[in-house]
Amino acid sequence: MGCEDERGLGDRIARFRVRRKLTQERLAERAELSVDVVRKLEQGQRQTARLSTINALARALDVEPSVLIGQPTTFEARQEGDSPSVLALRQAVSPLTELLGEDADPEAPPTVGALRAALRSTERIRREGRMADIGVLLPQLIRDARTAAHAHSGTDAAAAHAVLAEAYQVAATTLAALGKEDAGFTALERSMEAARRSDDPHLETMGVSTLSWILTKQGRLEDAERVALTAAERIEPGFRSRPIELSLWGILLLRAATAAVRRGKHDAVDELLNMATAAASRIGEDRLDYATPFGPTNVGVAEVNFLVEMERGAKALTAARAVPELHRLPPTWRARFHVDRALACVDLGKDDSALRALLAAEGDAPEWMRYHGTARRVVAELRRRERRRTSPVTELADRLNLDG
């Protein structure tokens, strides 16, 4: 899969620390962490770390968080022989055709109906976490939507730009998830440009939500929080607001809270979560807008994530048991929820419960698990503690292609 062994987290921290001519004590001081945390990570006594910890270390070392995490950098080959990769997405997002003045595609541009059907299919694949299929289908969707947007006029051109904006957003999140945040940022810029030419006024708002997430992945937490809050203030709903407006507002609040919790701003997290909870209660049901869920269930899942980030494991598990109707969320959201449960269990020394949570995540989104850095690190930690040569956790590690 072209990714480093997750047990290399401590090695990466130590390598950059030495390169920056820092002692462990000085790094801990810069990151505002205990020197014991730095020492245990570097010595391999701890295989996992909160994203807030990783972000703090990344800031202190002046690197992006994904550099420390060791994110996968490519899609795995499929059995049918296709070898989708990050390169294919890069070429679709930043083509040379226009720069070189090459001839346009000789085929007739796809219809708006065909584009929308392809987008729905791609979004479903994304929600299911089928990464290799995204690598095959998404570049072609971007090319088709761009061709249609250039070829059509009037309402058809606006509609094609709407599809193109969403396709670029999917590319942005996919690239960022694979540790290519700069390429994801480029895709997001293209998405915002297409959104402004579209017939959908909500696409720019969703673009800001995606931007906040990419900035968070880059470790630019203050920027991530600010852009989400600025957009949320701009669209703050009123008494007559429609459910979709409440949903988009709530999504932005949760994006801001994600950045805030990684900055250690726990009071701000509580306030943002309360506002998002109120929005979800007004909607009264779970929605899926632009492939992003929002409603009572997703707010409950977000609360569990924030509690885990704040290292309140027991409270996180209590909150997890109260999450309503988890089946309403897309598979990848459910899988991420189970990974958070596993993190809380590891903190509390409940390794058997952690393994059960990880197996539930694998059951929901098996391919997604192979690419998700946090899930892989937790499995690596549990395998390190396992004394038996063969066990359910070693078998899970094998399925995730973890080395060692």
# chains A, B, ... in the order shown; residues from 1 in each chain; ligands from 1
>>> select_by_dssp(residues="region 222-342 of chain A", states="strand (DSSP E)", output="NGL selection string")
:A and (287-289 or 292-294)
>>> write_last_selection(atoms="N, CA and C atoms", output="PDB file, in the first residue's frame")
ATOM      1  N   ARG A 287     -30.106  14.046   8.408  1.00  0.00           N
ATOM      2  CA  ARG A 287     -30.111  14.413   7.005  1.00  0.00           C
ATOM      3  C   ARG A 287     -28.772  14.036   6.384  1.00  0.00           C
ATOM      4  N   LEU A 288     -28.762  13.972   5.064  1.00  0.00           N
ATOM      5  CA  LEU A 288     -27.528  13.756   4.307  1.00  0.00           C
ATOM      6  C   LEU A 288     -27.512  14.781   3.182  1.00  0.00           C
ATOM      7  N   ASP A 289     -26.772  15.857   3.377  1.00  0.00           N
ATOM      8  CA  ASP A 289     -26.684  16.933   2.396  1.00  0.00           C
ATOM      9  C   ASP A 289     -25.276  16.976   1.830  1.00  0.00           C
ATOM     10  N   THR A 292     -22.766  14.636   3.248  1.00  0.00           N
ATOM     11  CA  THR A 292     -22.341  14.885   4.623  1.00  0.00           C
ATOM     12  C   THR A 292     -23.547  14.786   5.550  1.00  0.00           C
ATOM     13  N   PRO A 293     -23.482  13.922   6.573  1.00  0.00           N
ATOM     14  CA  PRO A 293     -24.628  13.774   7.466  1.00  0.00           C
ATOM     15  C   PRO A 293     -24.676  14.869   8.525  1.00  0.00           C
ATOM     16  N   PHE A 294     -25.882  15.208   8.933  1.00  0.00           N
ATOM     17  CA  PHE A 294     -26.068  16.070  10.094  1.00  0.00           C
ATOM     18  C   PHE A 294     -27.432  15.780  10.696  1.00  0.00           C
TER      19      PHE A 294
END
>>> residues_around(residues="region 189-202 of chain A", least_positions_apart="3", cutoff="6 Å", atoms="only C-alpha atoms", output="VMD selection string")
chain A and resid 158 to 159 161 to 162 165 168 to 169 186 205
>>> residues_around(residues="Ile54 (chain A)", least_positions_apart="4", cutoff="12 Å", atoms="only C-alpha atoms", output="ChimeraX atom specification")
/A:9-10,12-13,28,31-33,37-38,41,47-50,58-70,216-219,262-263,309,374
>>> write_last_selection(atoms="N, CA and C atoms", output="compact mmCIF listing (two decimals), in the first residue's frame")
# COMPACT_ATOMS: atom_id res chain seq x y z
N LEU A 9 5.84 6.17 14.27
CA LEU A 9 5.46 7.50 14.75
C LEU A 9 6.56 8.09 15.63
N GLY A 10 7.01 7.31 16.62
CA GLY A 10 8.06 7.80 17.51
C GLY A 10 9.35 8.08 16.79
N ARG A 12 9.64 9.07 13.70
CA ARG A 12 9.49 10.31 12.94
C ARG A 12 9.61 11.53 13.86
N ILE A 13 9.00 11.43 15.05
CA ILE A 13 9.11 12.54 15.99
C ILE A 13 10.57 12.78 16.36
N ALA A 28 8.96 19.20 24.27
CA ALA A 28 7.77 19.14 25.14
C ALA A 28 7.33 20.54 25.55
N ALA A 31 5.69 22.27 22.58
CA ALA A 31 4.38 21.68 22.26
C ALA A 31 3.40 21.77 23.43
N GLU A 32 3.88 22.25 24.58
CA GLU A 32 3.06 22.34 25.78
C GLU A 32 2.53 20.97 26.18
N LEU A 33 3.45 19.99 26.15
CA LEU A 33 3.13 18.62 26.52
C LEU A 33 4.06 18.17 27.63
N VAL A 37 5.33 12.22 27.78
CA VAL A 37 4.61 11.84 26.56
C VAL A 37 5.59 11.75 25.39
N VAL A 38 6.44 12.77 25.25
CA VAL A 38 7.42 12.77 24.16
C VAL A 38 8.35 11.58 24.28
N LEU A 41 6.60 8.22 23.43
CA LEU A 41 6.34 8.10 21.99
C LEU A 41 7.63 7.76 21.25
N GLN A 47 2.21 3.79 21.20
CA GLN A 47 2.10 3.71 19.75
C GLN A 47 1.04 4.67 19.20
N THR A 48 0.19 5.17 20.08
CA THR A 48 -0.89 6.05 19.65
C THR A 48 -0.79 7.39 20.37
N ALA A 49 -1.39 8.39 19.77
CA ALA A 49 -1.44 9.72 20.38
C ALA A 49 -2.69 10.42 19.88
N ARG A 50 -3.26 11.25 20.73
CA ARG A 50 -4.40 12.04 20.32
C ARG A 50 -3.99 12.96 19.17
N ALA A 58 3.43 18.64 15.79
CA ALA A 58 3.67 19.11 14.43
C ALA A 58 3.97 20.61 14.40
N ARG A 59 3.21 21.37 15.19
CA ARG A 59 3.47 22.82 15.25
C ARG A 59 4.87 23.09 15.81
N ALA A 60 5.22 22.37 16.86
CA ALA A 60 6.52 22.58 17.49
C ALA A 60 7.67 22.20 16.57
N LEU A 61 7.43 21.20 15.71
CA LEU A 61 8.47 20.72 14.79
C LEU A 61 8.39 21.36 13.42
N ASP A 62 7.35 22.18 13.20
CA ASP A 62 7.16 22.88 11.93
C ASP A 62 7.00 21.90 10.77
N VAL A 63 6.14 20.92 10.96
CA VAL A 63 5.79 19.98 9.89
C VAL A 63 4.28 19.81 9.90
N GLU A 64 3.73 19.24 8.82
CA GLU A 64 2.30 18.95 8.80
C GLU A 64 2.02 17.69 9.61
N PRO A 65 0.86 17.62 10.25
CA PRO A 65 0.54 16.44 11.07
C PRO A 65 0.66 15.12 10.32
N SER A 66 0.30 15.11 9.03
CA SER A 66 0.35 13.86 8.27
C SER A 66 1.78 13.36 8.12
N VAL A 67 2.76 14.26 8.19
CA VAL A 67 4.16 13.84 8.10
C VAL A 67 4.52 12.98 9.31
N LEU A 68 4.02 13.36 10.48
CA LEU A 68 4.29 12.57 11.69
C LEU A 68 3.47 11.29 11.70
N ILE A 69 2.22 11.39 11.24
CA ILE A 69 1.35 10.22 11.28
C ILE A 69 1.81 9.14 10.31
N GLY A 70 2.33 9.58 9.14
CA GLY A 70 2.73 8.60 8.13
C GLY A 70 1.54 8.08 7.36
N THR A 216 -7.48 21.82 8.95
CA THR A 216 -7.26 21.02 10.15
C THR A 216 -6.24 19.92 9.89
N LYS A 217 -6.36 19.27 8.74
CA LYS A 217 -5.40 18.22 8.38
C LYS A 217 -4.00 18.80 8.22
N GLN A 218 -3.90 20.05 7.79
CA GLN A 218 -2.60 20.70 7.64
C GLN A 218 -2.02 21.16 8.97
N GLY A 219 -2.83 21.09 10.02
CA GLY A 219 -2.37 21.60 11.31
C GLY A 219 -2.61 23.09 11.48
N ARG A 262 -8.71 20.30 19.05
CA ARG A 262 -7.29 19.99 18.82
C ARG A 262 -6.40 21.15 19.24
N ARG A 263 -6.99 22.32 19.46
CA ARG A 263 -6.24 23.44 20.02
C ARG A 263 -6.31 23.46 21.54
N GLU A 309 -10.90 13.10 22.24
CA GLU A 309 -9.80 14.03 22.04
C GLU A 309 -9.41 14.71 23.35
N THR A 374 -5.50 6.69 12.12
CA THR A 374 -5.79 6.46 13.54
C THR A 374 -6.16 5.01 13.79
>>> residues_around(residues="Ala279 (chain A)", least_positions_apart="3", cutoff="7 Å", atoms="only C-alpha atoms", output="list of chain:residue names")
A:Leu246, A:Gly250, A:Met275, A:Ala276, A:Arg282, A:Ile283
>>> closest_residue(among="A:Leu248, A:Val170, A:Ala148, A:Ala344", to="Arg312 (chain A)", atoms="only C-alpha atoms")
A:Ala344
>>> closest_residue(among="A:Ile142, A:Val18, A:Val208, A:Leu273", to="Pro95 (chain A)", atoms="only C-alpha atoms")
A:Ile142
>>> residues_around(residues="region 220-236 of chain A", least_positions_apart="2", cutoff="8 Å", atoms="only C-alpha atoms", output="mmCIF file with C-alpha atoms, in the first residue's frame")
data_model
loop_
_atom_site.group_PDB
_atom_site.id
_atom_site.type_symbol
_atom_site.label_atom_id
_atom_site.label_comp_id
_atom_site.auth_asym_id
_atom_site.auth_seq_id
_atom_site.Cartn_x
_atom_site.Cartn_y
_atom_site.Cartn_z
ATOM 1 C CA THR A 205 -20.833 26.877 2.114
ATOM 2 C CA VAL A 208 -15.852 26.275 3.311
ATOM 3 C CA SER A 209 -16.648 23.191 5.391
ATOM 4 C CA LEU A 211 -11.637 23.959 3.505
ATOM 5 C CA SER A 212 -11.881 23.907 7.301
ATOM 6 C CA TRP A 213 -11.264 20.160 7.299
ATOM 7 C CA ILE A 214 -8.239 20.458 4.998
ATOM 8 C CA LEU A 215 -6.777 23.247 7.120
ATOM 9 C CA THR A 216 -7.260 21.019 10.153
ATOM 10 C CA LYS A 217 -5.399 18.224 8.379
ATOM 11 C CA GLN A 218 -2.600 20.705 7.635
ATOM 12 C CA GLY A 238 -33.401 32.212 11.983
ATOM 13 C CA GLU A 245 -29.837 25.773 6.222
ATOM 14 C CA TRP A 249 -24.871 25.710 9.841
ATOM 15 C CA LEU A 252 -19.804 24.305 10.055
ATOM 16 C CA LEU A 253 -20.114 24.415 13.845
ATOM 17 C CA ARG A 255 -15.910 21.675 11.785
ATOM 18 C CA ALA A 256 -15.004 24.624 14.024
ATOM 19 C CA ALA A 257 -15.313 22.437 17.120
ATOM 20 C CA THR A 258 -12.996 19.826 15.591
ATOM 21 C CA ALA A 259 -10.300 22.460 15.190
ATOM 22 C CA ALA A 260 -10.997 23.918 18.635
ATOM 23 C CA ARG A 262 -7.293 19.992 18.817
ATOM 24 C CA ARG A 263 -6.239 23.445 20.015
#
>>> residues_around(residues="Val304 (chain A)", least_positions_apart="3", cutoff="8 Å", atoms="only C-alpha atoms", output="list in words")
Gly300, Val301, Leu307, Val308, Ala316, Leu317, Ala319, Ala320, Phe337, Asp340 and Arg341 of chain A
>>> write_last_selection(atoms="N, CA and C atoms", output="mmCIF file, in the first residue's frame")
data_model
loop_
_atom_site.group_PDB
_atom_site.id
_atom_site.type_symbol
_atom_site.label_atom_id
_atom_site.label_comp_id
_atom_site.auth_asym_id
_atom_site.auth_seq_id
_atom_site.Cartn_x
_atom_site.Cartn_y
_atom_site.Cartn_z
ATOM 1 N N GLY A 300 -24.282 13.348 18.134
ATOM 2 C CA GLY A 300 -23.879 12.423 19.190
ATOM 3 C C GLY A 300 -22.528 11.794 18.912
ATOM 4 N N VAL A 301 -22.295 11.423 17.657
ATOM 5 C CA VAL A 301 -21.012 10.849 17.261
ATOM 6 C C VAL A 301 -19.894 11.884 17.429
ATOM 7 N N LEU A 307 -14.913 14.103 23.172
ATOM 8 C CA LEU A 307 -14.568 13.590 24.502
ATOM 9 C C LEU A 307 -13.312 12.722 24.444
ATOM 10 N N VAL A 308 -13.181 11.940 23.391
ATOM 11 C CA VAL A 308 -11.970 11.131 23.226
ATOM 12 C C VAL A 308 -10.755 12.037 23.063
ATOM 13 N N ALA A 316 -16.699 9.356 27.344
ATOM 14 C CA ALA A 316 -16.918 9.100 25.919
ATOM 15 C C ALA A 316 -17.690 7.806 25.710
ATOM 16 N N LEU A 317 -17.349 6.757 26.462
ATOM 17 C CA LEU A 317 -18.047 5.477 26.312
ATOM 18 C C LEU A 317 -19.493 5.582 26.787
ATOM 19 N N ALA A 319 -21.294 8.343 26.624
ATOM 20 C CA ALA A 319 -21.973 9.082 25.552
ATOM 21 C C ALA A 319 -22.203 8.202 24.334
ATOM 22 N N ALA A 320 -21.260 7.302 24.048
ATOM 23 C CA ALA A 320 -21.387 6.426 22.879
ATOM 24 C C ALA A 320 -22.608 5.521 23.005
ATOM 25 N N PHE A 337 -16.739 6.302 14.260
ATOM 26 C CA PHE A 337 -17.312 6.260 15.600
ATOM 27 C C PHE A 337 -16.764 5.066 16.377
ATOM 28 N N ASP A 340 -13.265 5.680 17.482
ATOM 29 C CA ASP A 340 -13.240 6.527 18.687
ATOM 30 C C ASP A 340 -13.539 5.703 19.932
ATOM 31 N N ARG A 341 -14.490 4.793 19.840
ATOM 32 C CA ARG A 341 -14.771 3.910 20.973
ATOM 33 C C ARG A 341 -13.542 3.092 21.324
#
>>> select_by_dssp(residues="region 176-205 of chain A", states="alpha helix (DSSP H)", output="list in words")
Ala176, Ala177, Glu181, Asp182, Ala183, Gly184, Phe185, Thr186, Ala187, Leu188, Glu189, Arg190, Ser191, Met192, Glu193, Ala194, Ala195, Arg196, Leu203, Glu204 and Thr205 of chain A
>>> residues_around(residues="Ala397 (chain A)", least_positions_apart="2", cutoff="12 Å", atoms="only C-alpha atoms", output="ChimeraX atom specification")
/A:5-6,355,358-359,362,369-370,375-384,386,389-395,399-404
>>> atom_distance(atom1="CA of Thr332 (chain A)", atom2="CA of Ile125 (chain A)")
10.2 Å
>>> closest_residue(among="A:Leu141, A:Ile244, A:Ala342, A:Ala314", to="Glu166 (chain A)", atoms="only C-alpha atoms")
A:Leu141
>>> atom_distance(atom1="CA of Arg240 (chain A)", atom2="CA of Thr277 (chain A)")
18.0 Å
>>> decode(residues="region 102-132 of chain A", atoms="C-alpha atoms", output="PDB file, in the first residue's frame")
ATOM      1  CA  GLU A 102      -4.172  21.132 -26.656  1.00  0.00           C
ATOM      2  CA  ASP A 103      -7.294  20.261 -28.592  1.00  0.00           C
ATOM      3  CA  ALA A 104     -10.495  19.731 -26.679  1.00  0.00           C
ATOM      4  CA  ASP A 105     -11.989  16.299 -26.168  1.00  0.00           C
ATOM      5  CA  PRO A 106     -13.465  15.244 -29.550  1.00  0.00           C
ATOM      6  CA  GLU A 107     -16.333  13.333 -27.916  1.00  0.00           C
ATOM      7  CA  ALA A 108     -19.668  15.001 -27.302  1.00  0.00           C
ATOM      8  CA  PRO A 109     -19.890  16.416 -23.762  1.00  0.00           C
ATOM      9  CA  PRO A 110     -21.953  14.353 -21.303  1.00  0.00           C
ATOM     10  CA  THR A 111     -25.442  15.508 -20.422  1.00  0.00           C
ATOM     11  CA  VAL A 112     -26.207  17.076 -17.078  1.00  0.00           C
ATOM     12  CA  GLY A 113     -28.343  14.060 -16.197  1.00  0.00           C
ATOM     13  CA  ALA A 114     -25.461  11.681 -16.857  1.00  0.00           C
ATOM     14  CA  LEU A 115     -23.115  13.825 -14.771  1.00  0.00           C
ATOM     15  CA  ARG A 116     -25.509  13.895 -11.833  1.00  0.00           C
ATOM     16  CA  ALA A 117     -25.941  10.127 -11.966  1.00  0.00           C
ATOM     17  CA  ALA A 118     -22.157   9.663 -11.992  1.00  0.00           C
ATOM     18  CA  LEU A 119     -21.800  12.054  -9.054  1.00  0.00           C
ATOM     19  CA  ARG A 120     -24.403  10.172  -7.008  1.00  0.00           C
ATOM     20  CA  SER A 121     -22.577   6.917  -7.694  1.00  0.00           C
ATOM     21  CA  THR A 122     -19.225   8.427  -6.685  1.00  0.00           C
ATOM     22  CA  GLU A 123     -20.653   9.893  -3.485  1.00  0.00           C
ATOM     23  CA  ARG A 124     -22.116   6.512  -2.536  1.00  0.00           C
ATOM     24  CA  ILE A 125     -18.729   4.864  -3.100  1.00  0.00           C
ATOM     25  CA  ARG A 126     -17.070   7.555  -0.979  1.00  0.00           C
ATOM     26  CA  ARG A 127     -19.530   7.052   1.892  1.00  0.00           C
ATOM     27  CA  GLU A 128     -18.810   3.332   1.779  1.00  0.00           C
ATOM     28  CA  GLY A 129     -15.068   3.990   1.932  1.00  0.00           C
ATOM     29  CA  ARG A 130     -14.238   2.163  -1.306  1.00  0.00           C
ATOM     30  CA  MET A 131     -11.010   4.042  -1.877  1.00  0.00           C
ATOM     31  CA  ALA A 132      -9.753   2.128  -4.911  1.00  0.00           C
TER      32      ALA A 132
END
